[in-house]
Amino acid sequence: KKANTLFMPQNTGVGLFMNPAAVIVTEIKKRSIPLSPDTVSKPNKRPRTNTNEATNHTNSMDTTTTTDNADSTLTTTGNSTPWGEWMGSWKINPTQIDQEAERIDRQKAAFGGETISRLKDLNILILGVRGVGIETAKNLILTNVGSVTLVDDEVCTIADLGTNFYIKEGHVGVKTRAEACLEELRTLNPYCRVDIHSGPIADLLTSANVLNTQRPLGVVVISQLLPKVELCSINETCRSRGIATCLAVTNGVTSSLFSDFGISHEITDATGEPTQTLAVSQIEVLTDLPDMLQIEGVTNVNKAGDGSSDGNTKVVVVTVAKDNHGLEDGDVVALDDMRGVLESWNGKTVTVKRVAIASPTEAKLDTNDVAFKEALKLPTSVVLANFGKQYDFYKQKHEDEQSATDLKKKFQFRSITMFNRLALVLTDEDGSMEDFESYQAGGLLNQVRPSITQSYSSLRETLDCATPVPQMLRGEEWEEGKGIEIHLCIAAVLDFQEEEGHWPRIHNDEDAEKVLSICKKISKSRQDTEACWSQKVSWGFPSGEPRELDTKRILRYAKLFGTELTGFCAFLGGAIAQEVLKKSGKFTPLKQWIHHDEQILVCDDVTNTTPTFGSRYDYQISIMGKDFQNQMANQKVFLVGCGALGCEYLKGLALMGVATSPEGKITVTDMDRIEVSNLSRQFLFRQEDVSHPKSVRGALAVQKWNPNLNITAMEQKVGNDTEDIFTDDFWRKLDICWNALDNVMARQYTDSRCLFYSKPLLESGTLGTKCNHEIVLPYRTSTYNDGNENDSNETQIAMCTLRSFPYLPNHCIEFAKQSYFSDYFEFGPEQYETFRKDKATFFEQLESMDAGEQYRSLALIQSFLDMHQEAQSSSNGKMDVGLCVKTAYANLMGDYRTSILNLCHSADAMESSSGKKFWTGTKRRPKAIDWNCEEDKAQLMEYLYSTAGLYASVWGLECIRDRNDFTDLVLSLNLEQPEWNPPSQNVNLSDEDEEGGDSTDKAEKLKADLYSVDTLNLPPANPQDFEKDDDLNFHIDYLTIATNLRAWNYDIKASPRHTVKVTAGRIIPALATTTAMVCGLVNVEYCKLVLGLANTNGRDVFLNSNINLAAGSGNFTTFCPDPPINIETGLDQPKSFTSWDKIEIVNDKEELSVQALMKRVESTFGVKVSRIFASGNQEDKALYNAREEEKLHWEIDIDDTGKASVSSNDIYTAWPQIRMAVQMLSRLPPTSNQRKLFATQVDKVKLSLAKTKEAFMRDFEGKVSQAYYNTYLPKEEEDDKMKYFDKVFEARNYVVLDVDCYVMEGEEKKDITLPPIKYVYSS
């Protein structure tokens, strides 16, 4: 057997494949950051359970292309097969799978491989394991950091069960908090070391070998306030040893975040946003720079309007293949993929500047005009020449006017940036500018984000003197200086503890007064300094003018100091865990404090809050009262979704004691099953839960924490097709709906249900480090559906680019998914199955497709028929894997050889005829694969293996997973490369998204062939539903190799398997930290709802958020929910309504007819109704349609002479076939035998018209409910839908209708908008 080989891109100069040892050397030389732990073994690293880890998630193509170097994993051969080590489809033994990599799959999409590697080296110490401590530990362990050490020697109390989900009643008074939580935390992630430490921590802070990792601590997290001397001492020790300090504490309804990354901290990626990769379409070296060219620091037009420059006479201008490059002046790019003379520039970084032109104001140039946009596609020299003429004309005109008058005015112009161009700022050290004059094609500009070094103040400095106006989560509270009280409170309780030897006790008036006194003393002592003291603040700026302290807030803080709420704990635990991860250099740390409090939650009535009697809810009762806790117990909550968000919400509901009485109930539903990749953030699940229902296992987990929880788990979808399960009665009984969904359509549906039943909705979502939440209150706020959310937020790539002229790795991925995988394994088998089952229906559906789509469908069916025919003619007469391999080989030759050679042949012919170069700019001349090249065989075998495996799945065959057996099969088939002959018709080389060639003629021929096929004995095919998370199904393996073969064709860098998976699978980056944080904020908002604050205080006390944990303090954005959006009716009264409104008509005696309902609406609102239909229904169906009523006046007659006539030409539109019949009956003589045929056609239409009139009058004069039933009952062939419709319809006594109506203004119709009508037709 050959030694294993690795794929390398052509432009590395090492050919298609090379020895892995050479790759290792090359990669190590290229890297300036630590290698991934999955790539290079480290001394004393804890062994993992996976024995074949080093090879399992390596991809022979991963060694070249990734933004994170750690993604470039290297292959070491574990068996004798010289190909496919990176693939997942052959790994049927669990020991062959890298379970750790599977777990953090979604995190890798958010962080990237390099950061994931650095996090694995991170040791963390957590001081305190109350609510914030356990939340922080949970999030960090899920994130797969190197180790977490817990310190908390306090013995568990019963109140701890209200915020620490791993403490049980049996732990109370027996175990320390750290001991009680240890084992559960260890089960969260077997790949993260978790341990506890008891006693002094000085040795831990200075240890160079924490938990035998051979590494020191990276971060210390303080989750509850410590004595002042100890607190500051820990921080100073950390600063002296390069350890970051993070503090997150909550006391009562107040929470505070602090981070200190030391005197010098390097930020390698400030925001985590993807960097730009811009393809070069043209490079020009401009000389004799015109006056109107504007490039900062190179040339410019001064204010007087006369050209000036800094002496440069040349500049390199790059035109990119994108309308807007998105870069700013001074941004840095690295040159890549340059060819020829420019190859020496690859890897060099240069600064870029935007390129603009000065356009005379008088010219009024419209930059949105199509002509302007088309002009920018021309070479820069031509653009400058064209617009230069305009500039020179108006400038000369201005000078002539100036010479004719004594009044001197400046030449007025405006700067217009050409967003598809950049100027390269080159230095003498970079190289010769003349090199760029040789540019022909290719080239990439990769945006580079330079590192940033920041310095941070110590904890003592920020508490005593460096934070005059502390940041608040609410922006308006920050601007008003409300963080001053909280900052002073922290300083005061630290002094209180130092003086009294204990912390302020819960609801202790004496302690509270002492804290208030200390606050006043501290504030007074700091006056005339830049420290934090009680002064007036305007727009966030201190005035130096004293103000009174908010004594009520300070007293509350002191009285509730010993309490905590689970919502604040989750918020802090998510935010501070994300802060810890910034030690890796990824993302921007806080600068440095953020406070948040919710005074509205506090109940000051001590008869309601005291005494407490030793329950898990003591903290909640102490803050919000006993009646609040009773209301919590009686709540009826509908939680939709049990993924990452759902797990966090279930945790919060259990800890808060929701639905713990017989009257209360939590219903949680989720259709999904648990997968390995869920385990990194859906913390209720463990390895043994994989493949089980999320809702069931989630409910079981939280019921163990709180046995009194009344919870029902369901596996039902929530949508239009499950309203027989989630009925009116179900919705009416709810107190709240809680969304934990991951798609817009489902969110829109639940929002619509909450609108209809007037229920509050809690909504949230995450995307990597970004998150938002929204509180929807009946009649008080806007709703989710008031926005313009949709799932189609992706940038579309022109199909012509994907098909013939790709130039970026993403183009190859998208084409492999949209074309190859879809055609061969989704669309093709689906079309074949439709054809096999019902040929007549297939050809009927075919007519709705355009010519290109028809040909595609027919050709794919023919390919499956060819496979079947070849199988029948084989020795065993059956389909087998060998035939699947042959088909895979045909695809390989067709897609990666023949089509490439055809494309080049056509381009050569065009070049020859036009005399112009074709392969310029982003158009790369591709090269064809060669089966006879032994160096290329490994990757070609990978293609055959995955493709044949997929075809085997399509035909229901047992695939061959053993790669040696598969190699033997391929060798036995003696596959030969077909001879290429020039095509009879050239390939479509247009830049337009059109199918070239004679698709119509080819389709017609295939139709004729397929009409005659006997489908009776055709074998069934199984269309493949794309599934990204099942490595054994060949899907991602196929897409990866299909992508990278195409990339090799076009000399584009290869894509790692994980990148292909994320891109093709549309994987949403997900993090436990973000999820926990936003869910904590929503839990706090839920408490406000249960307290009834929506009714007593309105929407102003509620909070929505839009937060990015990656981008530092300035990206914590919160705001009050918007009011409902007014929808104008067009009437004088009512003028408007909101989405919450509906017109309710309740039947008095007997049910209204449609006609009576229409007249009632018309008389009530003074409108004319044109249509009544089911609310939200997009079909052209209606209970009443004015166009249908017009048909009552239509007539079709045949007179005594046999001539036919129609009363309206609209009849011809409704029944086109009658037009010829009417014409022929007027022309044909009475003796013609053809008259009977046409007369019969007319009679049929007359009968049809009569039935239409009859049906209209039946519904129009009949009851509304019956008309609704007649209109929307599914067809008889849709039996399941009919049964569902009947079940839902019979259970309801109402219908919901929309009305199209208008009023006349003169001779013009004015459309009127009314709310939906809920018509209740029976009691």
# chains A, B, ... in the order shown; residues from 1 in each chain; ligands from 1
>>> residues_around(residues="Leu957 of chain A", least_positions_apart="3", cutoff="12 Å", atoms="only C-alpha atoms", output="PyMOL selection string")
chain A and resi 878-884+948-954+960+1019-1022
>>> atom_distance(atom1="atom CA of Val1013 of chain A", atom2="atom CA of Leu892 of chain A")
27.5 Å
>>> residues_around(residues="Glu1254 of chain A", least_positions_apart="6", cutoff="10 Å", atoms="only C-alpha atoms", output="PyMOL selection string")
chain A and resi 1192+1248+1260
>>> closest_residue(among="A:Ser764, A:Ser1265, A:Gln454, A:Ser432", to="Leu1297 of chain A", atoms="only C-alpha atoms")
A:Ser1265
>>> residues_around(residues="segment 257-268 of chain A", least_positions_apart="5", cutoff="6 Å", atoms="only C-alpha atoms", output="PyMOL selection string")
chain A and resi 239+244-248+451-456+585-586+592-594
>>> closest_residue(among="A:Lys759, A:Arg215, A:Lys559, A:Lys1002", to="Val493 of chain A", atoms="only C-alpha atoms")
A:Lys559
>>> closest_residue(among="A:Val172, A:Val1060, A:Ile736, A:Met472", to="His487 of chain A", atoms="only C-alpha atoms")
A:Met472
>>> closest_atom_pairs(of="segment 254-338 of chain A", to="segment 768-779 of chain A", cutoff="12 Å", atoms="only C-alpha atoms", output="JSON lines")
{"residue": "A:Thr271", "atom": "CA", "partner": "A:Thr769", "partner_atom": "CA", "distance": 9.5}
{"residue": "A:Gly272", "atom": "CA", "partner": "A:Thr769", "partner_atom": "CA", "distance": 8.7}
{"residue": "A:Glu273", "atom": "CA", "partner": "A:Thr769", "partner_atom": "CA", "distance": 10.1}
>>> write_last_selection(atoms="all heavy atoms", output="short mmCIF file (atom, residue, chain, number, x, y, z; two decimals), in the first residue's frame")
data_model
loop_
_atom_site.label_atom_id
_atom_site.label_comp_id
_atom_site.auth_asym_id
_atom_site.auth_seq_id
_atom_site.Cartn_x
_atom_site.Cartn_y
_atom_site.Cartn_z
N THR A 271 -13.52 41.96 17.72
CA THR A 271 -14.98 41.78 17.61
C THR A 271 -15.40 40.37 17.25
O THR A 271 -16.55 40.00 17.48
CB THR A 271 -15.55 42.72 16.54
OG1 THR A 271 -15.04 42.35 15.25
CG2 THR A 271 -15.20 44.16 16.83
N GLY A 272 -14.50 39.59 16.64
CA GLY A 272 -14.87 38.26 16.19
C GLY A 272 -15.64 38.24 14.89
O GLY A 272 -16.03 37.17 14.40
N GLU A 273 -15.88 39.42 14.31
CA GLU A 273 -16.60 39.46 13.04
C GLU A 273 -15.72 38.88 11.94
O GLU A 273 -14.50 39.03 11.96
CB GLU A 273 -16.98 40.90 12.69
CG GLU A 273 -17.99 41.52 13.62
CD GLU A 273 -19.32 40.80 13.61
OE1 GLU A 273 -19.77 40.41 12.52
OE2 GLU A 273 -19.88 40.59 14.69
#
>>> residues_around(residues="Val606 of chain A", least_positions_apart="6", cutoff="10 Å", atoms="only C-alpha atoms", output="list in words")
His507, Ser622, Ile623 and Gly625 of chain A
>>> select_by_dssp(residues="segment 82-210 of chain A", states="strand (DSSP E or B)", output="ChimeraX atom specification")
/A:123-127,147-151,155,176,193-196
>>> residues_around(residues="segment 608-617 of chain A", least_positions_apart="3", cutoff="9 Å", atoms="only C-alpha atoms", output="ChimeraX atom specification")
/A:157-163,507,603-605,620-627,629,655-657
>>> select_by_dssp(residues="segment 413-457 of chain A", states="helix (DSSP H, G or I)", output="PyMOL selection string")
chain A and resi 433-438
>>> write_last_selection(atoms="C-alpha atoms", output="tab-separated table (two decimals), in the first residue's frame")
chain	number	residue	atom	x	y	z
A	433	MET	CA	5.17	49.16	-7.96
A	434	GLU	CA	5.88	48.22	-11.56
A	435	ASP	CA	5.28	44.55	-10.66
A	436	PHE	CA	1.56	45.28	-10.67
A	437	GLU	CA	1.65	46.37	-14.31
A	438	SER	CA	2.01	42.68	-15.20
>>> residues_around(residues="Asp464 of chain A", least_positions_apart="3", cutoff="9 Å", atoms="only C-alpha atoms", output="compact mmCIF listing (two decimals) with C-alpha atoms, in the first residue's frame")
# COMPACT_ATOMS: atom_id res chain seq x y z
CA LEU A 459 -9.76 46.45 41.46
CA ARG A 460 -8.66 48.80 44.25
CA GLU A 461 -8.09 51.65 41.80
CA THR A 467 -14.63 55.11 38.17
CA ALA A 491 -17.27 50.03 48.79
CA ARG A 526 -14.30 61.80 47.78
CA ALA A 531 -13.47 59.09 42.27
CA CYS A 532 -17.05 57.87 42.51
>>> atom_distance(atom1="atom CA of Met338 of chain A", atom2="atom CA of Gly443 of chain A")
4.5 Å
